[in-house]
Amino acid sequence: IAACLKKNTSLKEINLYGNNIGDEGVKALAASLSDSTSVEIVRLGNNQISDEGAAALGSILSTNETIRVLVLFVNEIGPAGAAAVARGLKHNTSVQKLMLNMNNLGDKGAGAFGETLCGNRSLKELYLSDNKIGDTGAIAITDGLICNDGALQELNLSDNDITCTGAIEMAARLKLNNGLKSLWLGGNRIFLDGVKAMIQDGLRHNFYLESIDLSPFPFQDQPDLRNEKEFYLALNKAGRQALREEKIHVCFWAYILARVGHDPNMVFYFLVRSPDLVKSQDACEEEVCD
């Protein structure tokens with residue numbers, strides 16, 4: 001397959017899931033992909049790939065300009081392999097989705113991706129569930145989100161070892177993020193104090209998150225907390241980030257209010273934050289709004 005790739009200029013996707021190709025197979029494949037100008041999707045899940053194979057893939061990512069999706073879940077990649085992939089992504093401008101679920105990245109591997117997020121602007125989706133990531137690794141990733149300029153939009157850290165301590169620190173950093181739309185934290189050890197922090201400290205001040213998974217927390221036993229979470233998520237879906245734009249013309253507020261719907265609490269929130277919403281529509285006559 002690797003030999004054929006060197007001659008093929010039209011293949012768009014490689015799917016070798018569950019073939020046990022191991023590190024030697026991945027190294028051969030990586031050598032061919034380094035010169036490929038057509039392959040956009042590479043699926044190598046469940047192939048007994050370790051740090052050695054991950055390093056081979058990482059070495060080509062800094063120069064490859066066509067791969068958009070890289071799937072490496074259910075392998076044996078540890079911190080060193082994760083760091084190699086992360087280094088390759090630092091200067092990569094094509095990969096938009098990376099799936100490393102169910103490996104052994106740990107805090108050091110997660111930390112490497114935190115550093116990469118500061119410089120990478122192409123990655124949109126990062127899946128790191130079930131990787132033995134604790135508080136240190138989770139905090140490092142959210143540190144990376146602060147300087148990510150809103151590029152990453154989906155982050156999956158479910159089924160790891162994050163506790164309330166990590167959740168509280170993550171919440172403080174989420175206030176400074178300006179782009180993440182979906183965050184999965186289900187299956188961690190985040191209890192009431194951590195959930196409260198994520199909602200009342202993080203989500204309350206984050207204008208972009210539209211989905212957050214904190215299962216299996218029993219929101220049915222905390223209806224006020226559940227309602228608060230849903231309220232801020234609905235605000236964000238309605239375009240709450242527009243309140244940070246000082247130059248938003250009054251003409252656009254009617255559109256924003258229309259998205260808010262008929263919830264009086266949401267309308268009140270918008271009116272309190274921006275009294276310009278009630279300005280006369282006459283102001284719009286001076287400027288045409290598309």
# chains A, B, ... in the order shown; residues from 1 in each chain; ligands from 1
call {"tool": "select_by_dssp", "arguments": {"residues": "segment 73-130 of chain A", "states": "alpha helix (DSSP H)", "output": "count of residues only"}}
result
26
call {"tool": "residues_around", "arguments": {"residues": "Val85 of chain A", "least_positions_apart": "5", "cutoff": "12 Å", "atoms": "only C-alpha atoms", "output": "PyMOL selection string"}}
result
chain A and resi 50-62+70-72+77-80+90-92+95+98-100+105+109-110+112-113+115-116
call {"tool": "closest_residue", "arguments": {"among": "A:Ala238, A:Ala2, A:Leu183, A:Ala86", "to": "Leu214 of chain A", "atoms": "only C-alpha atoms"}}
result
A:Leu183
call {"tool": "residues_around", "arguments": {"residues": "Arg189 of chain A", "least_positions_apart": "4", "cutoff": "9 Å", "atoms": "only C-alpha atoms", "output": "list in words"}}
result
Asp159, Asn160, Asp161, Ile162, Thr163, Cys164 and Gly194 of chain A
call {"tool": "write_last_selection", "arguments": {"atoms": "N, CA and C atoms", "output": "JSON list (two decimals), in the first residue's frame"}}
result
[["chain", "number", "residue", "atom", "x", "y", "z"],
["A", 159, "ASP", "N", -13.93, 10.87, 30.19],
["A", 159, "ASP", "CA", -13.38, 9.59, 30.68],
["A", 159, "ASP", "C", -11.89, 9.67, 30.98],
["A", 160, "ASN", "N", -11.50, 10.74, 31.63],
["A", 160, "ASN", "CA", -10.12, 10.88, 32.09],
["A", 160, "ASN", "C", -10.09, 10.92, 33.62],
["A", 161, "ASP", "N", -9.08, 11.53, 34.21],
["A", 161, "ASP", "CA", -8.92, 11.54, 35.67],
["A", 161, "ASP", "C", -8.97, 12.97, 36.22],
["A", 162, "ILE", "N", -9.80, 13.81, 35.62],
["A", 162, "ILE", "CA", -9.92, 15.19, 36.04],
["A", 162, "ILE", "C", -10.82, 15.27, 37.27],
["A", 163, "THR", "N", -10.40, 16.03, 38.27],
["A", 163, "THR", "CA", -11.16, 16.16, 39.51],
["A", 163, "THR", "C", -11.73, 17.58, 39.64],
["A", 164, "CYS", "N", -12.35, 17.85, 40.77],
["A", 164, "CYS", "CA", -12.91, 19.19, 41.02],
["A", 164, "CYS", "C", -11.81, 20.25, 40.98],
["A", 194, "GLY", "N", -16.87, 21.33, 41.51],
["A", 194, "GLY", "CA", -16.30, 21.49, 40.18],
["A", 194, "GLY", "C", -17.34, 21.89, 39.16]]
call {"tool": "atom_distance", "arguments": {"atom1": "atom CA of Asn15 of chain A", "atom2": "atom CA of Ile141 of chain A"}}
result
28.7 Å
call {"tool": "residues_around", "arguments": {"residues": "Asn236 of chain A", "least_positions_apart": "4", "cutoff": "7 Å", "atoms": "only C-alpha atoms", "output": "VMD selection string"}}
result
chain A and resid 207 to 210 232 240 to 241
call {"tool": "write_last_selection", "arguments": {"atoms": "N, CA, C and O atoms", "output": "PDB file, in the first residue's frame"}}
result
ATOM      1  N   PHE A 207     -18.554  33.529  26.381  1.00  0.00           N
ATOM      2  CA  PHE A 207     -19.611  33.946  25.463  1.00  0.00           C
ATOM      3  C   PHE A 207     -19.710  33.039  24.235  1.00  0.00           C
ATOM      4  O   PHE A 207     -20.458  33.349  23.313  1.00  0.00           O
ATOM      5  N   TYR A 208     -18.983  31.922  24.208  1.00  0.00           N
ATOM      6  CA  TYR A 208     -18.895  31.131  22.986  1.00  0.00           C
ATOM      7  C   TYR A 208     -19.350  29.686  23.134  1.00  0.00           C
ATOM      8  O   TYR A 208     -19.848  29.097  22.179  1.00  0.00           O
ATOM      9  N   LEU A 209     -19.161  29.068  24.307  1.00  0.00           N
ATOM     10  CA  LEU A 209     -19.536  27.669  24.482  1.00  0.00           C
ATOM     11  C   LEU A 209     -21.031  27.461  24.255  1.00  0.00           C
ATOM     12  O   LEU A 209     -21.855  28.160  24.834  1.00  0.00           O
ATOM     13  N   GLU A 210     -21.350  26.499  23.405  1.00  0.00           N
ATOM     14  CA  GLU A 210     -22.748  26.185  23.117  1.00  0.00           C
ATOM     15  C   GLU A 210     -23.140  24.791  23.603  1.00  0.00           C
ATOM     16  O   GLU A 210     -24.315  24.427  23.602  1.00  0.00           O
ATOM     17  N   TYR A 232     -27.139  30.015  30.075  1.00  0.00           N
ATOM     18  CA  TYR A 232     -25.945  30.596  29.461  1.00  0.00           C
ATOM     19  C   TYR A 232     -25.635  29.948  28.105  1.00  0.00           C
ATOM     20  O   TYR A 232     -25.183  30.636  27.177  1.00  0.00           O
ATOM     21  N   ARG A 240     -24.458  35.786  22.068  1.00  0.00           N
ATOM     22  CA  ARG A 240     -24.023  36.648  23.166  1.00  0.00           C
ATOM     23  C   ARG A 240     -22.668  37.299  22.899  1.00  0.00           C
ATOM     24  O   ARG A 240     -22.379  38.387  23.398  1.00  0.00           O
ATOM     25  N   GLN A 241     -21.816  36.650  22.077  1.00  0.00           N
ATOM     26  CA  GLN A 241     -20.500  37.222  21.811  1.00  0.00           C
ATOM     27  C   GLN A 241     -20.581  38.595  21.152  1.00  0.00           C
ATOM     28  O   GLN A 241     -19.643  39.389  21.218  1.00  0.00           O
TER      29      GLN A 241
END
call {"tool": "residues_around", "arguments": {"residues": "Leu11 of chain A", "least_positions_apart": "2", "cutoff": "10 Å", "atoms": "only C-alpha atoms", "output": "list in words"}}
result
Leu5, Asn8, Thr9, Glu13, Ile14, Ser36, Thr37, Ser38, Val39, Glu40 and Ile41 of chain A
call {"tool": "write_last_selection", "arguments": {"atoms": "all heavy atoms", "output": "CSV table (one decimal), in the first residue's frame"}}
result
chain,number,residue,atom,x,y,z
A,5,LEU,N,1.1,4.3,-2.9
A,5,LEU,CA,0.8,5.7,-2.6
A,5,LEU,C,1.8,6.6,-3.3
A,5,LEU,O,1.4,7.7,-3.6
A,5,LEU,CB,0.9,5.9,-1.1
A,5,LEU,CG,-0.4,5.6,-0.3
A,5,LEU,CD1,-0.1,5.8,1.2
A,5,LEU,CD2,-1.6,6.4,-0.7
A,8,ASN,N,0.3,7.1,-6.7
A,8,ASN,CA,-1.1,7.5,-6.8
A,8,ASN,C,-1.2,9.0,-6.5
A,8,ASN,O,-0.7,9.5,-5.5
A,8,ASN,CB,-2.0,6.7,-5.8
A,8,ASN,CG,-3.5,6.9,-6.1
A,8,ASN,OD1,-3.9,8.0,-5.8
A,8,ASN,ND2,-4.2,5.9,-6.5
A,9,THR,N,-2.0,9.7,-7.3
A,9,THR,CA,-2.2,11.1,-7.1
A,9,THR,C,-3.6,11.5,-7.0
A,9,THR,O,-4.0,12.7,-7.0
A,9,THR,CB,-1.6,11.9,-8.3
A,9,THR,OG1,-2.2,11.5,-9.5
A,9,THR,CG2,-0.1,11.7,-8.4
A,13,GLU,N,-8.7,9.1,0.7
A,13,GLU,CA,-8.8,8.6,2.1
A,13,GLU,C,-8.1,7.2,2.2
A,13,GLU,O,-8.2,6.4,1.3
A,13,GLU,CB,-10.3,8.5,2.4
A,13,GLU,CG,-10.5,7.9,3.8
A,13,GLU,CD,-12.0,7.9,4.2
A,13,GLU,OE1,-12.8,8.5,3.4
A,13,GLU,OE2,-12.3,7.3,5.2
A,14,ILE,N,-7.4,7.0,3.3
A,14,ILE,CA,-6.8,5.8,3.7
A,14,ILE,C,-7.5,5.3,5.0
A,14,ILE,O,-7.5,6.0,6.0
A,14,ILE,CB,-5.3,5.9,3.9
A,14,ILE,CG1,-4.6,6.3,2.6
A,14,ILE,CG2,-4.7,4.6,4.4
A,14,ILE,CD1,-3.2,6.6,2.8
A,36,SER,N,2.7,12.9,-0.5
A,36,SER,CA,1.4,12.8,-1.1
A,36,SER,C,0.8,14.2,-1.2
A,36,SER,O,0.9,15.1,-0.3
A,36,SER,CB,0.5,12.0,-0.2
A,36,SER,OG,-0.9,12.0,-0.7
A,37,THR,N,0.1,14.4,-2.3
A,37,THR,CA,-0.6,15.7,-2.5
A,37,THR,C,-2.1,15.5,-2.7
A,37,THR,O,-2.8,16.5,-3.0
A,37,THR,CB,-0.1,16.4,-3.8
A,37,THR,OG1,-0.2,15.5,-4.9
A,37,THR,CG2,1.4,16.8,-3.6
A,38,SER,N,-2.6,14.3,-2.3
A,38,SER,CA,-4.0,14.0,-2.5
A,38,SER,C,-4.7,13.5,-1.3
A,38,SER,O,-5.9,13.8,-1.0
A,38,SER,CB,-4.2,13.0,-3.7
A,38,SER,OG,-3.6,11.8,-3.3
A,39,VAL,N,-4.0,12.7,-0.5
A,39,VAL,CA,-4.7,12.1,0.7
A,39,VAL,C,-5.1,13.1,1.7
A,39,VAL,O,-4.3,13.9,2.2
A,39,VAL,CB,-3.8,11.0,1.4
A,39,VAL,CG1,-4.4,10.5,2.6
A,39,VAL,CG2,-3.5,9.9,0.4
A,40,GLU,N,-6.4,13.1,2.1
A,40,GLU,CA,-6.9,14.1,3.0
A,40,GLU,C,-7.3,13.5,4.4
A,40,GLU,O,-7.4,14.2,5.4
A,40,GLU,CB,-8.1,14.8,2.4
A,40,GLU,CG,-7.8,15.6,1.2
A,40,GLU,CD,-9.0,16.3,0.6
A,40,GLU,OE1,-10.1,16.1,1.1
A,40,GLU,OE2,-8.8,17.0,-0.4
A,41,ILE,N,-7.7,12.2,4.3
A,41,ILE,CA,-8.2,11.5,5.5
A,41,ILE,C,-7.4,10.3,5.8
A,41,ILE,O,-7.2,9.4,4.9
A,41,ILE,CB,-9.7,11.2,5.4
A,41,ILE,CG1,-10.5,12.4,5.1
A,41,ILE,CG2,-10.2,10.4,6.6
A,41,ILE,CD1,-12.0,12.2,4.8
call {"tool": "atom_distance", "arguments": {"atom1": "atom CA of Gly25 of chain A", "atom2": "atom CA of Gly81 of chain A"}}
result
15.7 Å
call {"tool": "atom_distance", "arguments": {"atom1": "atom CA of Asp193 of chain A", "atom2": "atom CA of Asp143 of chain A"}}
result
20.8 Å
call {"tool": "residues_around", "arguments": {"residues": "Lys175 of chain A", "least_positions_apart": "4", "cutoff": "8 Å", "atoms": "only C-alpha atoms", "output": "list in words"}}
result
Ala171, Asp201, Gly202, Leu203, His205 and Asn206 of chain A
call {"tool": "write_last_selection", "arguments": {"atoms": "N, CA and C atoms", "output": "short mmCIF file (atom, residue, chain, number, x, y, z; two decimals), in the first residue's frame"}}
result
data_model
loop_
_atom_site.label_atom_id
_atom_site.label_comp_id
_atom_site.auth_asym_id
_atom_site.auth_seq_id
_atom_site.Cartn_x
_atom_site.Cartn_y
_atom_site.Cartn_z
N ALA A 171 -12.22 26.25 34.68
CA ALA A 171 -13.28 27.26 34.62
C ALA A 171 -12.70 28.66 34.60
N ASP A 201 -18.61 30.17 37.20
CA ASP A 201 -17.39 30.94 36.96
C ASP A 201 -16.98 30.90 35.50
N GLY A 202 -16.95 29.69 34.93
CA GLY A 202 -16.51 29.56 33.54
C GLY A 202 -17.57 29.94 32.53
N LEU A 203 -18.68 29.18 32.52
CA LEU A 203 -19.71 29.37 31.50
C LEU A 203 -20.37 30.75 31.61
N HIS A 205 -19.10 33.52 32.19
CA HIS A 205 -18.29 34.57 31.57
C HIS A 205 -17.75 34.18 30.21
N ASN A 206 -18.08 32.99 29.75
CA ASN A 206 -17.65 32.54 28.43
C ASN A 206 -18.80 32.78 27.44
#
call {"tool": "closest_residue", "arguments": {"among": "A:Thr165, A:Thr66, A:Asn156, A:Asn227", "to": "Ser182 of chain A", "atoms": "only C-alpha atoms"}}
result
A:Asn156
call {"tool": "residues_around", "arguments": {"residues": "segment 216-223 of chain A", "least_positions_apart": "4", "cutoff": "10 Å", "atoms": "only C-alpha atoms", "output": "ChimeraX atom specification"}}
result
/A:185-192,195,227-229
call {"tool": "select_by_dssp", "arguments": {"residues": "segment 169-257 of chain A", "states": "strand (DSSP E)", "output": "count of residues only"}}
result
6
call {"tool": "decode", "arguments": {"residues": "segment 38-149 of chain A", "atoms": "C-alpha atoms", "output": "PDB file, in the first residue's frame"}}
result
ATOM      1  CA  SER A  38      -3.995  14.044  -2.531  1.00  0.00           C
ATOM      2  CA  VAL A  39      -4.681  12.094   0.694  1.00  0.00           C
ATOM      3  CA  GLU A  40      -6.913  14.120   3.035  1.00  0.00           C
ATOM      4  CA  ILE A  41      -8.170  11.527   5.536  1.00  0.00           C
ATOM      5  CA  VAL A  42      -6.003   8.956   7.344  1.00  0.00           C
ATOM      6  CA  ARG A  43      -7.734   6.426   9.628  1.00  0.00           C
ATOM      7  CA  LEU A  44      -5.338   4.228  11.605  1.00  0.00           C
ATOM      8  CA  GLY A  45      -7.357   3.329  14.687  1.00  0.00           C
ATOM      9  CA  ASN A  46      -6.796   0.053  16.550  1.00  0.00           C
ATOM     10  CA  ASN A  47      -3.472  -0.825  14.935  1.00  0.00           C
ATOM     11  CA  GLN A  48      -1.089  -1.379  17.881  1.00  0.00           C
ATOM     12  CA  ILE A  49       0.742   1.846  17.093  1.00  0.00           C
ATOM     13  CA  SER A  50       3.138   2.965  19.820  1.00  0.00           C
ATOM     14  CA  ASP A  51       5.342   6.024  20.328  1.00  0.00           C
ATOM     15  CA  GLU A  52       7.669   4.948  17.534  1.00  0.00           C
ATOM     16  CA  GLY A  53       4.922   4.912  14.940  1.00  0.00           C
ATOM     17  CA  ALA A  54       3.419   8.149  16.257  1.00  0.00           C
ATOM     18  CA  ALA A  55       6.825   9.816  15.944  1.00  0.00           C
ATOM     19  CA  ALA A  56       6.976   8.815  12.272  1.00  0.00           C
ATOM     20  CA  LEU A  57       3.599  10.425  11.642  1.00  0.00           C
ATOM     21  CA  GLY A  58       4.543  13.504  13.625  1.00  0.00           C
ATOM     22  CA  SER A  59       7.656  13.997  11.520  1.00  0.00           C
ATOM     23  CA  ILE A  60       5.621  14.456   8.316  1.00  0.00           C
ATOM     24  CA  LEU A  61       2.897  16.687   9.747  1.00  0.00           C
ATOM     25  CA  SER A  62       5.082  19.786   9.757  1.00  0.00           C
ATOM     26  CA  THR A  63       5.445  19.605   5.962  1.00  0.00           C
ATOM     27  CA  ASN A  64       2.306  17.781   4.747  1.00  0.00           C
ATOM     28  CA  GLU A  65      -0.309  20.217   3.419  1.00  0.00           C
ATOM     29  CA  THR A  66      -3.192  17.896   2.481  1.00  0.00           C
ATOM     30  CA  ILE A  67      -4.147  15.735   5.504  1.00  0.00           C
ATOM     31  CA  ARG A  68      -7.277  17.210   7.136  1.00  0.00           C
ATOM     32  CA  VAL A  69      -8.367  14.307   9.376  1.00  0.00           C
ATOM     33  CA  LEU A  70      -6.041  12.022  11.361  1.00  0.00           C
ATOM     34  CA  VAL A  71      -7.577   9.167  13.368  1.00  0.00           C
ATOM     35  CA  LEU A  72      -5.329   7.332  15.827  1.00  0.00           C
ATOM     36  CA  PHE A  73      -7.730   6.127  18.521  1.00  0.00           C
ATOM     37  CA  VAL A  74      -7.388   2.764  20.326  1.00  0.00           C
ATOM     38  CA  ASN A  75      -3.632   2.481  19.985  1.00  0.00           C
ATOM     39  CA  GLU A  76      -0.692   2.374  22.406  1.00  0.00           C
ATOM     40  CA  ILE A  77       0.582   5.928  22.039  1.00  0.00           C
ATOM     41  CA  GLY A  78       2.136   7.376  25.188  1.00  0.00           C
ATOM     42  CA  PRO A  79       3.467  10.794  26.203  1.00  0.00           C
ATOM     43  CA  ALA A  80       6.499  10.659  23.874  1.00  0.00           C
ATOM     44  CA  GLY A  81       4.396   9.747  20.838  1.00  0.00           C
ATOM     45  CA  ALA A  82       1.839  12.413  21.691  1.00  0.00           C
ATOM     46  CA  ALA A  83       4.605  14.996  21.991  1.00  0.00           C
ATOM     47  CA  ALA A  84       5.908  14.012  18.542  1.00  0.00           C
ATOM     48  CA  VAL A  85       2.470  14.452  16.965  1.00  0.00           C
ATOM     49  CA  ALA A  86       2.007  17.743  18.810  1.00  0.00           C
ATOM     50  CA  ARG A  87       5.351  19.047  17.532  1.00  0.00           C
ATOM     51  CA  GLY A  88       4.374  18.172  13.998  1.00  0.00           C
ATOM     52  CA  LEU A  89       1.142  20.114  14.373  1.00  0.00           C
ATOM     53  CA  LYS A  90       2.844  23.288  15.571  1.00  0.00           C
ATOM     54  CA  HIS A  91       3.569  24.365  12.015  1.00  0.00           C
ATOM     55  CA  ASN A  92       0.864  22.345  10.271  1.00  0.00           C
ATOM     56  CA  THR A  93      -1.844  24.290   8.430  1.00  0.00           C
ATOM     57  CA  SER A  94      -4.066  21.494   7.118  1.00  0.00           C
ATOM     58  CA  VAL A  95      -5.109  19.089   9.918  1.00  0.00           C
ATOM     59  CA  GLN A  96      -8.522  20.115  11.234  1.00  0.00           C
ATOM     60  CA  LYS A  97      -9.509  17.015  13.189  1.00  0.00           C
ATOM     61  CA  LEU A  98      -7.318  14.797  15.387  1.00  0.00           C
ATOM     62  CA  MET A  99      -8.649  11.747  17.228  1.00  0.00           C
ATOM     63  CA  LEU A 100      -6.368  10.227  19.869  1.00  0.00           C
ATOM     64  CA  ASN A 101      -9.056   8.691  22.075  1.00  0.00           C
ATOM     65  CA  MET A 102      -8.157   5.629  24.131  1.00  0.00           C
ATOM     66  CA  ASN A 103      -4.391   5.883  24.173  1.00  0.00           C
ATOM     67  CA  ASN A 104      -2.004   6.535  27.088  1.00  0.00           C
ATOM     68  CA  LEU A 105      -1.122  10.203  26.723  1.00  0.00           C
ATOM     69  CA  GLY A 106      -1.217  11.133  30.414  1.00  0.00           C
ATOM     70  CA  ASP A 107      -0.553  14.632  31.678  1.00  0.00           C
ATOM     71  CA  LYS A 108       2.713  15.028  29.766  1.00  0.00           C
ATOM     72  CA  GLY A 109       1.089  14.143  26.461  1.00  0.00           C
ATOM     73  CA  ALA A 110      -1.793  16.513  27.146  1.00  0.00           C
ATOM     74  CA  GLY A 111       0.679  19.234  28.085  1.00  0.00           C
ATOM     75  CA  ALA A 112       2.369  18.901  24.698  1.00  0.00           C
ATOM     76  CA  PHE A 113      -0.945  19.655  22.991  1.00  0.00           C
ATOM     77  CA  GLY A 114      -1.456  22.620  25.278  1.00  0.00           C
ATOM     78  CA  GLU A 115       1.762  24.123  23.917  1.00  0.00           C
ATOM     79  CA  THR A 116       0.785  23.326  20.344  1.00  0.00           C
ATOM     80  CA  LEU A 117      -2.604  25.047  20.647  1.00  0.00           C
ATOM     81  CA  CYS A 118      -0.828  28.352  21.246  1.00  0.00           C
ATOM     82  CA  GLY A 119       0.679  28.303  17.773  1.00  0.00           C
ATOM     83  CA  ASN A 120      -1.692  26.154  15.692  1.00  0.00           C
ATOM     84  CA  ARG A 121      -4.633  27.876  14.005  1.00  0.00           C
ATOM     85  CA  SER A 122      -5.950  25.092  11.748  1.00  0.00           C
ATOM     86  CA  LEU A 123      -6.991  22.408  14.265  1.00  0.00           C
ATOM     87  CA  LYS A 124     -10.753  22.622  14.906  1.00  0.00           C
ATOM     88  CA  GLU A 125     -11.508  19.346  16.719  1.00  0.00           C
ATOM     89  CA  LEU A 126      -9.332  17.562  19.292  1.00  0.00           C
ATOM     90  CA  TYR A 127     -10.446  14.266  20.849  1.00  0.00           C
ATOM     91  CA  LEU A 128      -8.415  13.075  23.857  1.00  0.00           C
ATOM     92  CA  SER A 129     -10.937  11.028  25.832  1.00  0.00           C
ATOM     93  CA  ASP A 130      -9.844   8.023  27.901  1.00  0.00           C
ATOM     94  CA  ASN A 131      -6.155   8.940  28.058  1.00  0.00           C
ATOM     95  CA  LYS A 132      -5.373   9.004  31.799  1.00  0.00           C
ATOM     96  CA  ILE A 133      -5.242  12.792  31.719  1.00  0.00           C
ATOM     97  CA  GLY A 134      -5.414  14.365  35.166  1.00  0.00           C
ATOM     98  CA  ASP A 135      -5.758  17.899  36.460  1.00  0.00           C
ATOM     99  CA  THR A 136      -2.290  19.007  35.348  1.00  0.00           C
ATOM    100  CA  GLY A 137      -2.863  17.934  31.753  1.00  0.00           C
ATOM    101  CA  ALA A 138      -6.362  19.387  31.571  1.00  0.00           C
ATOM    102  CA  ILE A 139      -5.153  22.728  32.914  1.00  0.00           C
ATOM    103  CA  ALA A 140      -2.287  22.772  30.403  1.00  0.00           C
ATOM    104  CA  ILE A 141      -4.719  22.293  27.521  1.00  0.00           C
ATOM    105  CA  THR A 142      -6.986  25.101  28.716  1.00  0.00           C
ATOM    106  CA  ASP A 143      -3.899  27.296  29.113  1.00  0.00           C
ATOM    107  CA  GLY A 144      -3.271  26.644  25.427  1.00  0.00           C
ATOM    108  CA  LEU A 145      -6.826  27.679  24.596  1.00  0.00           C
ATOM    109  CA  ILE A 146      -6.207  31.154  26.016  1.00  0.00           C
ATOM    110  CA  CYS A 147      -3.692  31.963  23.272  1.00  0.00           C
ATOM    111  CA  ASN A 148      -5.404  29.897  20.566  1.00  0.00           C
ATOM    112  CA  ASP A 149      -7.342  32.857  19.131  1.00  0.00           C
TER     113      ASP A 149
END
